[in-house]
file model.csv (CSV, C-alpha atoms)
chain,number,residue,atom,x,y,z
I,10,MET,CA,0.0,0.0,0.0
I,11,PRO,CA,1.6,3.3,-1.0
I,12,LEU,CA,2.3,5.9,1.7
I,13,PRO,CA,0.0,8.9,1.8
I,14,PHE,CA,1.3,12.0,0.1
I,15,TYR,CA,1.0,15.5,1.6
I,16,PRO,CA,2.4,18.2,-0.7
I,17,SER,CA,2.6,20.6,2.2
I,18,LEU,CA,5.1,18.4,4.0
I,19,LEU,CA,7.6,18.7,1.1
I,20,TYR,CA,8.7,22.0,2.6
I,21,LEU,CA,8.9,21.2,6.3
I,22,LEU,CA,12.5,20.4,5.8
I,23,PRO,CA,13.8,23.5,4.0
I,24,PRO,CA,16.8,24.0,6.2
I,25,ILE,CA,18.1,20.5,5.3
I,26,VAL,CA,17.4,21.0,1.6
I,27,SER,CA,19.0,24.4,1.7
I,28,ALA,CA,22.1,23.1,3.5
I,29,ILE,CA,22.5,20.2,1.0
I,30,SER,CA,22.0,22.5,-1.9
I,31,TYR,CA,24.5,25.0,-0.6
I,32,LEU,CA,27.1,22.3,-0.2
I,33,CYS,CA,26.5,20.8,-3.6
I,34,TYR,CA,26.5,24.3,-5.2
I,35,HIS,CA,29.9,25.2,-3.8
I,36,SER,CA,31.5,21.7,-4.1
I,37,THR,CA,34.0,20.7,-6.7
I,38,LEU,CA,32.7,17.2,-6.4
I,39,THR,CA,29.7,15.8,-8.3
I,40,PRO,CA,27.0,15.2,-5.7
I,41,LEU,CA,24.4,12.5,-6.1
I,42,SER,CA,21.4,13.3,-8.3
I,43,LEU,CA,18.4,14.4,-6.4
I,44,ILE,CA,16.3,12.2,-8.6
I,45,ASN,CA,16.6,8.4,-8.8
I,46,SER,CA,18.6,7.1,-11.7
I,47,THR,CA,19.1,3.5,-12.7
I,48,PHE,CA,21.6,4.4,-15.4
I,49,PRO,CA,25.2,3.1,-15.3
I,50,LEU,CA,27.8,5.8,-14.9
I,51,GLU,CA,31.3,6.2,-16.1
I,52,GLU,CA,34.0,8.5,-15.0
I,53,VAL,CA,34.0,11.6,-17.2
I,54,LYS,CA,35.9,14.8,-17.2
I,55,ILE,CA,33.7,17.3,-15.3
I,56,ILE,CA,34.6,21.0,-15.0
I,57,THR,CA,33.0,23.0,-12.3
I,58,THR,CA,33.1,26.6,-13.4
I,59,PRO,CA,32.8,29.1,-10.5
I,60,ILE,CA,30.6,32.2,-10.6
I,61,SER,CA,33.5,34.5,-10.7
I,62,ALA,CA,35.4,32.5,-13.3
I,63,SER,CA,38.7,34.2,-14.2
I,64,THR,CA,39.8,31.5,-16.7
I,65,SER,CA,39.9,32.7,-20.3
I,66,ALA,CA,36.9,31.8,-22.5
I,67,SER,CA,39.2,29.8,-24.8
I,68,THR,CA,39.9,27.2,-22.1
I,69,VAL,CA,36.5,27.0,-20.4
I,70,MET,CA,33.2,26.1,-22.1
I,71,THR,CA,31.3,28.8,-20.3
I,72,SER,CA,31.9,31.6,-17.8
I,73,ALA,CA,28.6,30.7,-16.0
I,74,ALA,CA,28.5,28.6,-12.8
I,75,ALA,CA,28.0,25.2,-14.3
I,76,ILE,CA,29.0,21.5,-14.5
I,77,VAL,CA,30.5,21.1,-17.9
I,78,VAL,CA,31.2,17.9,-19.8
I,79,PRO,CA,33.3,18.6,-22.9
I,80,ALA,CA,32.7,16.9,-26.2
I,81,ALA,CA,34.5,13.6,-26.5
I,82,THR,CA,35.6,14.4,-30.1
I,83,ARG,CA,35.4,17.5,-32.2
I,84,HIS,CA,33.0,20.0,-30.6
I,85,THR,CA,30.1,20.7,-33.0
I,86,ALA,CA,27.1,20.9,-30.7
I,87,THR,CA,26.0,21.9,-27.2
I,88,PHE,CA,23.2,20.7,-24.9
I,89,ILE,CA,22.4,23.1,-22.1
I,90,PHE,CA,20.1,21.6,-19.4
I,91,LEU,CA,18.6,23.5,-16.4
I,92,HIS,CA,17.9,21.8,-13.1
I,93,GLY,CA,14.8,22.1,-11.0
I,94,LEU,CA,14.2,24.1,-7.8
I,95,GLY,CA,16.6,23.2,-4.9
I,96,ASP,CA,18.9,21.1,-7.1
I,97,THR,CA,22.2,22.0,-8.8
I,98,GLY,CA,23.6,21.3,-12.3
I,99,ALA,CA,25.2,18.2,-10.9
I,100,GLY,CA,21.8,16.7,-10.3
I,101,TRP,CA,21.4,16.1,-14.0
I,102,SER,CA,25.0,15.3,-15.1
I,103,PHE,CA,24.0,11.6,-15.1
I,104,VAL,CA,22.5,12.2,-18.5
I,105,SER,CA,25.8,13.1,-20.1
I,106,GLU,CA,27.6,10.4,-18.2
I,107,ASN,CA,25.2,7.8,-19.6
I,108,PHE,CA,25.6,9.1,-23.1
I,109,ARG,CA,29.4,9.0,-22.8
I,110,LEU,CA,29.3,5.4,-21.5
I,111,ARG,CA,27.5,4.4,-24.7
I,112,ARG,CA,29.4,6.7,-27.0
I,113,LYS,CA,26.4,8.8,-27.9
I,114,PHE,CA,26.6,12.5,-28.9
I,115,ASP,CA,30.4,12.5,-28.9
I,116,GLU,CA,30.5,15.8,-30.7
I,117,CYS,CA,28.3,17.4,-28.1
I,118,SER,CA,29.4,19.2,-25.0
I,119,PHE,CA,27.0,19.3,-22.0
I,120,ILE,CA,26.5,22.4,-19.8
I,121,PHE,CA,24.5,22.0,-16.6
I,122,PRO,CA,24.3,25.5,-15.1
I,123,HIS,CA,23.7,26.1,-11.4
I,124,ALA,CA,20.8,28.4,-10.4
I,125,PRO,CA,21.7,31.2,-8.0
I,126,MET,CA,20.9,31.0,-4.3
I,127,ILE,CA,17.9,33.3,-3.7
I,128,PRO,CA,15.1,33.6,-1.1
I,129,VAL,CA,12.1,31.6,-2.3
I,130,THR,CA,8.6,32.4,-0.9
I,131,LEU,CA,7.6,28.7,-1.3
I,132,ASN,CA,10.5,27.8,0.9
I,133,MET,CA,9.4,30.2,3.7
I,134,GLY,CA,11.7,32.8,2.3
I,135,MET,CA,14.8,30.8,2.9
I,136,ARG,CA,17.6,30.8,0.3
I,137,MET,CA,18.0,27.9,-2.0
I,138,PRO,CA,19.0,27.3,-5.7
I,139,SER,CA,16.3,28.8,-7.8
I,140,TRP,CA,16.0,30.3,-11.2
I,141,PHE,CA,13.3,32.7,-10.0
I,142,ASN,CA,11.0,33.1,-7.1
I,143,ILE,CA,7.9,30.8,-6.8
I,144,ALA,CA,5.1,31.8,-4.4
I,145,SER,CA,2.9,28.6,-4.6
I,146,LEU,CA,2.7,25.1,-5.9
I,147,THR,CA,-1.1,25.2,-5.7
I,148,ASN,CA,-1.2,27.8,-8.4
I,149,ILE,CA,2.3,27.8,-9.9
I,150,GLN,CA,1.5,30.9,-12.1
I,151,ALA,CA,0.2,33.0,-9.3
I,152,ALA,CA,2.2,36.2,-8.6
I,153,GLU,CA,4.8,35.2,-11.2
I,154,ASP,CA,8.3,36.6,-10.7
I,155,GLU,CA,8.5,38.2,-14.1
I,156,ALA,CA,11.6,40.2,-13.4
I,157,GLY,CA,13.4,37.1,-12.1
I,158,ILE,CA,12.2,34.9,-15.0
I,159,LEU,CA,13.3,37.4,-17.6
I,160,GLY,CA,16.6,38.0,-15.8
I,161,SER,CA,17.4,34.3,-15.7
I,162,ALA,CA,16.4,34.0,-19.3
I,163,ARG,CA,19.0,36.7,-20.2
I,164,ASN,CA,21.6,34.7,-18.3
I,165,ILE,CA,20.8,31.6,-20.3
I,166,HIS,CA,21.0,33.7,-23.5
I,167,ALA,CA,24.5,34.7,-22.5
I,168,ILE,CA,25.5,31.0,-22.3
I,169,ILE,CA,24.1,30.5,-25.8
I,170,GLU,CA,26.0,33.5,-27.1
I,171,GLU,CA,29.2,32.1,-25.6
I,172,GLN,CA,28.7,28.8,-27.5
I,173,ILE,CA,28.1,30.7,-30.8
I,174,ASP,CA,31.2,32.8,-30.2
I,175,LYS,CA,33.1,29.5,-29.9
I,176,GLY,CA,31.9,28.6,-33.4
I,177,ILE,CA,28.9,26.4,-32.6
I,178,SER,CA,26.0,26.8,-34.9
I,179,SER,CA,22.9,28.0,-33.0
I,180,GLU,CA,20.9,25.3,-34.7
I,181,ARG,CA,23.2,22.7,-33.0
I,182,ILE,CA,22.4,24.1,-29.6
I,183,ILE,CA,19.6,22.4,-27.6
I,184,LEU,CA,18.2,24.0,-24.5
I,185,GLY,CA,16.3,21.9,-22.0
I,186,GLY,CA,15.4,21.6,-18.4
I,187,PHE,CA,13.4,19.8,-15.7
I,188,SER,CA,10.6,21.3,-13.6
I,189,GLN,CA,11.4,25.0,-12.8
I,190,GLY,CA,14.5,24.6,-15.1
I,191,GLY,CA,12.2,23.3,-17.9
I,192,ALA,CA,9.9,26.3,-17.4
I,193,LEU,CA,12.9,28.6,-17.8
I,194,ALA,CA,14.2,26.6,-20.8
I,195,LEU,CA,10.9,27.0,-22.6
I,196,LEU,CA,10.8,30.8,-22.0
I,197,ALA,CA,14.5,31.4,-22.7
I,198,GLY,CA,14.4,29.2,-25.8
I,199,LEU,CA,11.4,30.8,-27.3
I,200,THR,CA,12.8,34.3,-26.6
I,201,SER,CA,16.4,33.7,-27.9
I,202,LYS,CA,17.4,35.9,-30.8
I,203,HIS,CA,19.3,32.9,-32.2
I,204,LYS,CA,17.5,30.0,-34.0
I,205,LEU,CA,18.0,27.0,-31.7
I,206,GLY,CA,18.1,23.3,-32.7
I,207,GLY,CA,15.3,22.5,-30.2
I,208,ILE,CA,13.9,23.1,-26.8
I,209,ILE,CA,13.1,20.4,-24.1
I,210,GLY,CA,10.7,20.8,-21.2
I,211,LEU,CA,10.4,17.8,-18.7
I,212,SER,CA,7.7,18.1,-16.1
I,213,ALA,CA,7.5,21.8,-16.8
I,214,TRP,CA,5.1,24.6,-17.5
I,215,LEU,CA,5.2,27.7,-19.6
I,216,PRO,CA,5.9,30.9,-17.6
I,217,LEU,CA,4.4,34.2,-18.5
I,218,HIS,CA,2.0,32.3,-20.9
I,219,GLN,CA,-0.5,35.2,-21.0
I,220,LYS,CA,2.0,37.4,-22.8
I,221,ILE,CA,4.2,34.8,-24.4
I,222,GLU,CA,3.0,35.7,-28.0
I,223,SER,CA,4.6,39.1,-27.6
I,224,LEU,CA,7.8,37.6,-26.2
I,225,VAL,CA,8.6,34.9,-28.7
I,226,SER,CA,11.4,35.8,-31.1
I,227,GLU,CA,11.0,35.7,-34.8
I,228,GLU,CA,14.0,33.3,-35.0
I,229,ASN,CA,12.3,30.6,-32.8
I,230,LYS,CA,8.7,30.8,-33.9
I,231,ASN,CA,9.1,27.4,-35.6
I,232,THR,CA,11.6,25.7,-33.2
I,233,ASP,CA,10.8,22.1,-32.4
I,234,ILE,CA,10.0,21.2,-28.8
I,235,PHE,CA,10.2,18.0,-26.9
I,236,GLN,CA,7.8,17.9,-23.9
I,237,ALA,CA,7.3,15.1,-21.4
I,238,HIS,CA,5.3,14.8,-18.2
I,239,GLY,CA,4.4,12.2,-15.6
I,240,GLU,CA,0.7,11.7,-15.3
I,241,SER,CA,1.1,11.1,-11.5
I,242,ASP,CA,3.0,14.4,-11.0
I,243,ARG,CA,1.5,16.1,-7.9
I,244,THR,CA,4.1,18.9,-7.8
I,245,VAL,CA,4.0,20.4,-11.2
I,246,GLN,CA,0.5,19.1,-12.1
I,247,PHE,CA,0.1,17.0,-15.2
I,248,ASN,CA,-2.7,19.3,-16.4
I,249,TRP,CA,-0.2,22.3,-16.4
I,250,GLY,CA,2.0,20.3,-18.7
I,251,LYS,CA,-0.9,19.5,-21.0
I,252,LEU,CA,-2.0,23.2,-21.0
I,253,THR,CA,1.6,24.2,-21.9
I,254,LYS,CA,1.5,21.8,-24.8
I,255,GLU,CA,-1.7,23.2,-26.1
I,256,ILE,CA,-0.4,26.8,-25.9
I,257,LEU,CA,2.8,25.8,-27.6
I,258,GLN,CA,1.2,23.7,-30.3
I,259,ASP,CA,-2.2,25.2,-30.9
I,260,LYS,CA,-1.7,28.9,-30.0
I,261,LEU,CA,2.0,29.4,-31.1
I,262,GLY,CA,2.1,26.8,-33.8
I,263,HIS,CA,5.1,24.8,-32.7
I,264,ASN,CA,5.9,21.2,-33.6
I,265,VAL,CA,5.6,19.6,-30.1
I,266,GLU,CA,6.6,16.0,-29.5
I,267,TRP,CA,4.6,15.1,-26.5
I,268,HIS,CA,5.1,12.1,-24.2
I,269,SER,CA,3.2,11.2,-21.0
I,270,TYR,CA,4.0,8.5,-18.5
I,271,PRO,CA,1.1,7.1,-16.4
I,272,LEU,CA,3.0,6.1,-13.3
I,273,LEU,CA,5.6,8.8,-13.3
I,274,GLU,CA,5.5,11.3,-10.5
I,275,HIS,CA,7.7,14.5,-10.3
I,276,SER,CA,10.9,12.8,-11.5
I,277,ALA,CA,12.3,11.3,-14.6
I,278,ASP,CA,12.7,7.6,-15.6
I,279,ALA,CA,14.6,5.5,-18.1
I,280,GLN,CA,11.9,5.5,-20.7
I,281,GLU,CA,11.6,9.3,-20.6
I,282,ILE,CA,15.3,9.7,-21.1
I,283,ALA,CA,15.3,7.2,-23.9
I,284,ASP,CA,12.5,9.1,-25.6
I,285,MET,CA,14.5,12.4,-25.2
I,286,GLU,CA,17.6,10.7,-26.6
I,287,GLU,CA,15.7,9.5,-29.7
I,288,TRP,CA,14.5,13.1,-30.3
I,289,LEU,CA,18.0,14.5,-29.8
I,290,HIS,CA,19.4,12.1,-32.4
I,291,THR,CA,17.3,13.8,-35.1
I,292,ARG,CA,18.4,17.3,-34.0
I,293,LEU,CA,22.1,16.6,-33.3
I,294,PRO,CA,23.3,14.0,-35.9
I,295,PRO,CA,27.1,13.5,-36.1
I,296,THR,CA,28.8,15.6,-38.7
I,297,SER,CA,31.4,13.0,-39.4
I,298,SER,CA,31.5,9.2,-39.5
call {"tool": "encode", "arguments": {"input": "model.csv", "output": "C-alpha cells"}}
result
Amino acid sequence: MPLPFYPSLLYLLPPIVSAISYLCYHSTLTPLSLINSTFPLEEVKIITTPISASTSASTVMTSAAAIVVPAATRHTATFIFLHGLGDTGAGWSFVSENFRLRRKFDECSFIFPHAPMIPVTLNMGMRMPSWFNIASLTNIQAAEDEAGILGSARNIHAIIEEQIDKGISSERIILGGFSQGGALALLAGLTSKHKLGGIIGLSAWLPLHQKIESLVSEENKNTDIFQAHGESDRTVQFNWGKLTKEILQDKLGHNVEWHSYPLLEHSADAQEIADMEEWLHTRLPPTSS
C-alpha cells in the first residue's frame, strides 16, 4: 500500500534542503542526483566553473557557474540543461555520463548551469538554488516573478552567445530543463534571438504564458519542442503540462513532440530519457562518421 502523500510536507525540511543544496553548489565534487537514476555511470571529465570565473573563454566552455562535460571528439554541438528548484547542475549530469558510456553524442558538450541561491517564498523565504521566485505550488503561475524569470532567461541567452562565439551553430544548440528549469528553458528558448536546434521541457510549465506571444522571437517561432510529463505528478501538475503543450502547439504553432507516463511522479525515468535521446538524435546528428 503506498504511503499517503501530503504536498505541504515537502517544505517542512527546507533547512536540510538548503544546506545540502549549498554544499552541492559550492563543491568541486559531483553530488548524487536528487532524482533516482538506474543508469550506469562512467568517470567523465567534469569541470565546475565558479561564478567568478577568471579562466579565459578559450579554455572553459562557459563563464557561468556550471557543471561542464566537454565533447569527446570535435565539438560541434552543445546541450544546455537546467535543473529544478533546490537542485544543482550536478543533479542532471548523469544524462551526459550515460551518453558518454554508450558513446552517444560524442561531438556534443553538455552544460548544466547552477541556479543562484535566492530567497524563495515557497521555501518560507529561505535561500535555495532557484532560477526565480515561486510563491505557490497550488497555483504555480500566481504572482509570477516576471523580473526574475526574464533576468534568468537573459543569463541563459548569454551562455548560448558564448557557444556561438566559440563557433557552434545556434541550430546545433539544444536548450532543455526539468521542472522549474524546464519552465525557464521554454521561456529562454522561445525568446532567444538565435535560432535553436530545439527546446526540451520535462515536467515543466510555460511561464508568462499570458504574454508569451509578444515575447517569442522571430527566430524561434518554428523551433521544435520535446515535452514530457508524468501523469502522476503532484508537484507540477500534469494538467499544467498539457496546457503548456496546447499553448505551444495550438496557439503558437510549434511542432511539439509530447510524451506522458502514467506512473511517473515528479521525476524522470529511463523511458523518458530514452525518448528524449531519440528526439535528440534527429536534431544533433554526427557531422562525421
call {"tool": "residues_around", "arguments": {"input": "model.csv", "residues": "stretch 172-188 of chain I", "least_positions_apart": "3", "cutoff": "9 Å", "atoms": "only C-alpha atoms", "output": "ChimeraX atom specification"}}
result
/I:66-67,70-71,84-94,101,117,167-169,191-195,197-198,203-214,235,245,275-277,289,292-293
call {"tool": "closest_residue", "arguments": {"input": "model.csv", "among": "I:Gln189, I:Gln150, I:Arg109, I:Pro295", "to": "I:Thr97", "atoms": "all atoms listed in the file"}}
result
I:Gln189
call {"tool": "closest_residue", "arguments": {"input": "model.csv", "among": "I:Met135, I:Leu146, I:Leu215, I:Ala156", "to": "I:Glu255", "atoms": "all atoms listed in the file"}}
result
I:Leu215
call {"tool": "atom_distance", "arguments": {"input": "model.csv", "atom1": "atom CA of I:His166", "atom2": "atom CA of I:Glu106"}}
result
24.8 Å
call {"tool": "residues_around", "arguments": {"input": "model.csv", "residues": "I:Pro125", "least_positions_apart": "5", "cutoff": "9 Å", "atoms": "only C-alpha atoms", "output": "number ranges by chain"}}
result
I: 34, 74, 137-141
call {"tool": "residues_near_point", "arguments": {"input": "model.csv", "point": "(9.7, 28.2, -35.0)", "cutoff": "12 Å", "atoms": "all atoms listed in the file", "output": "CSV table (one decimal) with C-alpha atoms, keeping the file's coordinate frame"}}
result
chain,number,residue,atom,x,y,z
I,180,GLU,CA,20.9,25.3,-34.7
I,198,GLY,CA,14.4,29.2,-25.8
I,199,LEU,CA,11.4,30.8,-27.3
I,200,THR,CA,12.8,34.3,-26.6
I,201,SER,CA,16.4,33.7,-27.9
I,202,LYS,CA,17.4,35.9,-30.8
I,203,HIS,CA,19.3,32.9,-32.2
I,204,LYS,CA,17.5,30.0,-34.0
I,205,LEU,CA,18.0,27.0,-31.7
I,206,GLY,CA,18.1,23.3,-32.7
I,207,GLY,CA,15.3,22.5,-30.2
I,208,ILE,CA,13.9,23.1,-26.8
I,225,VAL,CA,8.6,34.9,-28.7
I,226,SER,CA,11.4,35.8,-31.1
I,227,GLU,CA,11.0,35.7,-34.8
I,228,GLU,CA,14.0,33.3,-35.0
I,229,ASN,CA,12.3,30.6,-32.8
I,230,LYS,CA,8.7,30.8,-33.9
I,231,ASN,CA,9.1,27.4,-35.6
I,232,THR,CA,11.6,25.7,-33.2
I,233,ASP,CA,10.8,22.1,-32.4
I,234,ILE,CA,10.0,21.2,-28.8
I,257,LEU,CA,2.8,25.8,-27.6
I,258,GLN,CA,1.2,23.7,-30.3
I,261,LEU,CA,2.0,29.4,-31.1
I,262,GLY,CA,2.1,26.8,-33.8
I,263,HIS,CA,5.1,24.8,-32.7
I,264,ASN,CA,5.9,21.2,-33.6
I,265,VAL,CA,5.6,19.6,-30.1
call {"tool": "closest_residue", "arguments": {"input": "model.csv", "among": "I:Leu252, I:Val104, I:Ala81, I:Ala73", "to": "I:His238", "atoms": "all atoms listed in the file"}}
result
I:Leu252
call {"tool": "closest_residue", "arguments": {"input": "model.csv", "among": "I:Ala283, I:Val129, I:Ala237, I:Asp242", "to": "I:Ser145", "atoms": "only C-alpha atoms"}}
result
I:Val129
call {"tool": "closest_residue", "arguments": {"input": "model.csv", "among": "I:Ile282, I:Trp288, I:Leu273, I:Glu155", "to": "I:Ser105", "atoms": "all atoms listed in the file"}}
result
I:Ile282
call {"tool": "residues_near_point", "arguments": {"input": "model.csv", "point": "(-2.7, 13.2, -12.1)", "cutoff": "12 Å", "atoms": "only C-alpha atoms", "output": "MDAnalysis selection string"}}
result
chainID I and resid 238:251 269:275
call {"tool": "atom_distance", "arguments": {"input": "model.csv", "atom1": "atom CA of I:Pro216", "atom2": "atom CA of I:Glu153"}}
result
7.8 Å
call {"tool": "build_atoms", "arguments": {"input": "model.csv", "residues": "stretch 165-183 of chain I", "atoms": "N, CA and C atoms", "output": "compact mmCIF listing (two decimals), in the frame of the given file"}}
result
# COMPACT_ATOMS: atom_id res chain seq x y z
N ILE I 165 20.75 32.78 -19.46
CA ILE I 165 20.80 31.60 -20.30
C ILE I 165 21.16 32.04 -21.77
N HIS I 166 20.60 33.16 -22.19
CA HIS I 166 21.00 33.70 -23.50
C HIS I 166 22.45 33.97 -23.62
N ALA I 167 23.04 34.42 -22.50
CA ALA I 167 24.50 34.70 -22.50
C ALA I 167 25.29 33.42 -22.70
N ILE I 168 24.83 32.32 -22.11
CA ILE I 168 25.50 31.00 -22.30
C ILE I 168 25.41 30.62 -23.78
N ILE I 169 24.25 30.81 -24.37
CA ILE I 169 24.10 30.50 -25.80
C ILE I 169 25.01 31.34 -26.64
N GLU I 170 25.11 32.62 -26.32
CA GLU I 170 26.00 33.50 -27.10
C GLU I 170 27.44 33.04 -26.98
N GLU I 171 27.86 32.58 -25.80
CA GLU I 171 29.20 32.10 -25.60
C GLU I 171 29.50 30.90 -26.57
N GLN I 172 28.52 30.00 -26.67
CA GLN I 172 28.70 28.80 -27.50
C GLN I 172 28.80 29.25 -29.00
N ILE I 173 27.99 30.20 -29.40
CA ILE I 173 28.10 30.70 -30.80
C ILE I 173 29.39 31.37 -31.03
N ASP I 174 29.88 32.13 -30.06
CA ASP I 174 31.20 32.80 -30.20
C ASP I 174 32.31 31.77 -30.34
N LYS I 175 32.10 30.56 -29.81
CA LYS I 175 33.10 29.50 -29.90
C LYS I 175 32.99 28.74 -31.24
N GLY I 176 32.06 29.17 -32.10
CA GLY I 176 31.90 28.60 -33.40
C GLY I 176 30.85 27.52 -33.54
N ILE I 177 30.02 27.35 -32.51
CA ILE I 177 28.90 26.40 -32.60
C ILE I 177 27.72 27.01 -33.26
N SER I 178 27.19 26.35 -34.28
CA SER I 178 26.00 26.80 -34.90
C SER I 178 24.84 26.85 -33.93
N SER I 179 24.06 27.92 -33.92
CA SER I 179 22.90 28.00 -33.00
C SER I 179 21.95 26.86 -33.18
N GLU I 180 21.85 26.37 -34.43
CA GLU I 180 20.90 25.30 -34.70
C GLU I 180 21.43 23.94 -34.26
N ARG I 181 22.66 23.92 -33.70
CA ARG I 181 23.20 22.70 -33.00
C ARG I 181 23.31 22.95 -31.54
N ILE I 182 22.51 23.86 -31.04
CA ILE I 182 22.40 24.10 -29.60
C ILE I 182 21.00 23.72 -29.16
N ILE I 183 20.91 22.82 -28.19
CA ILE I 183 19.60 22.40 -27.60
C ILE I 183 19.55 22.94 -26.21
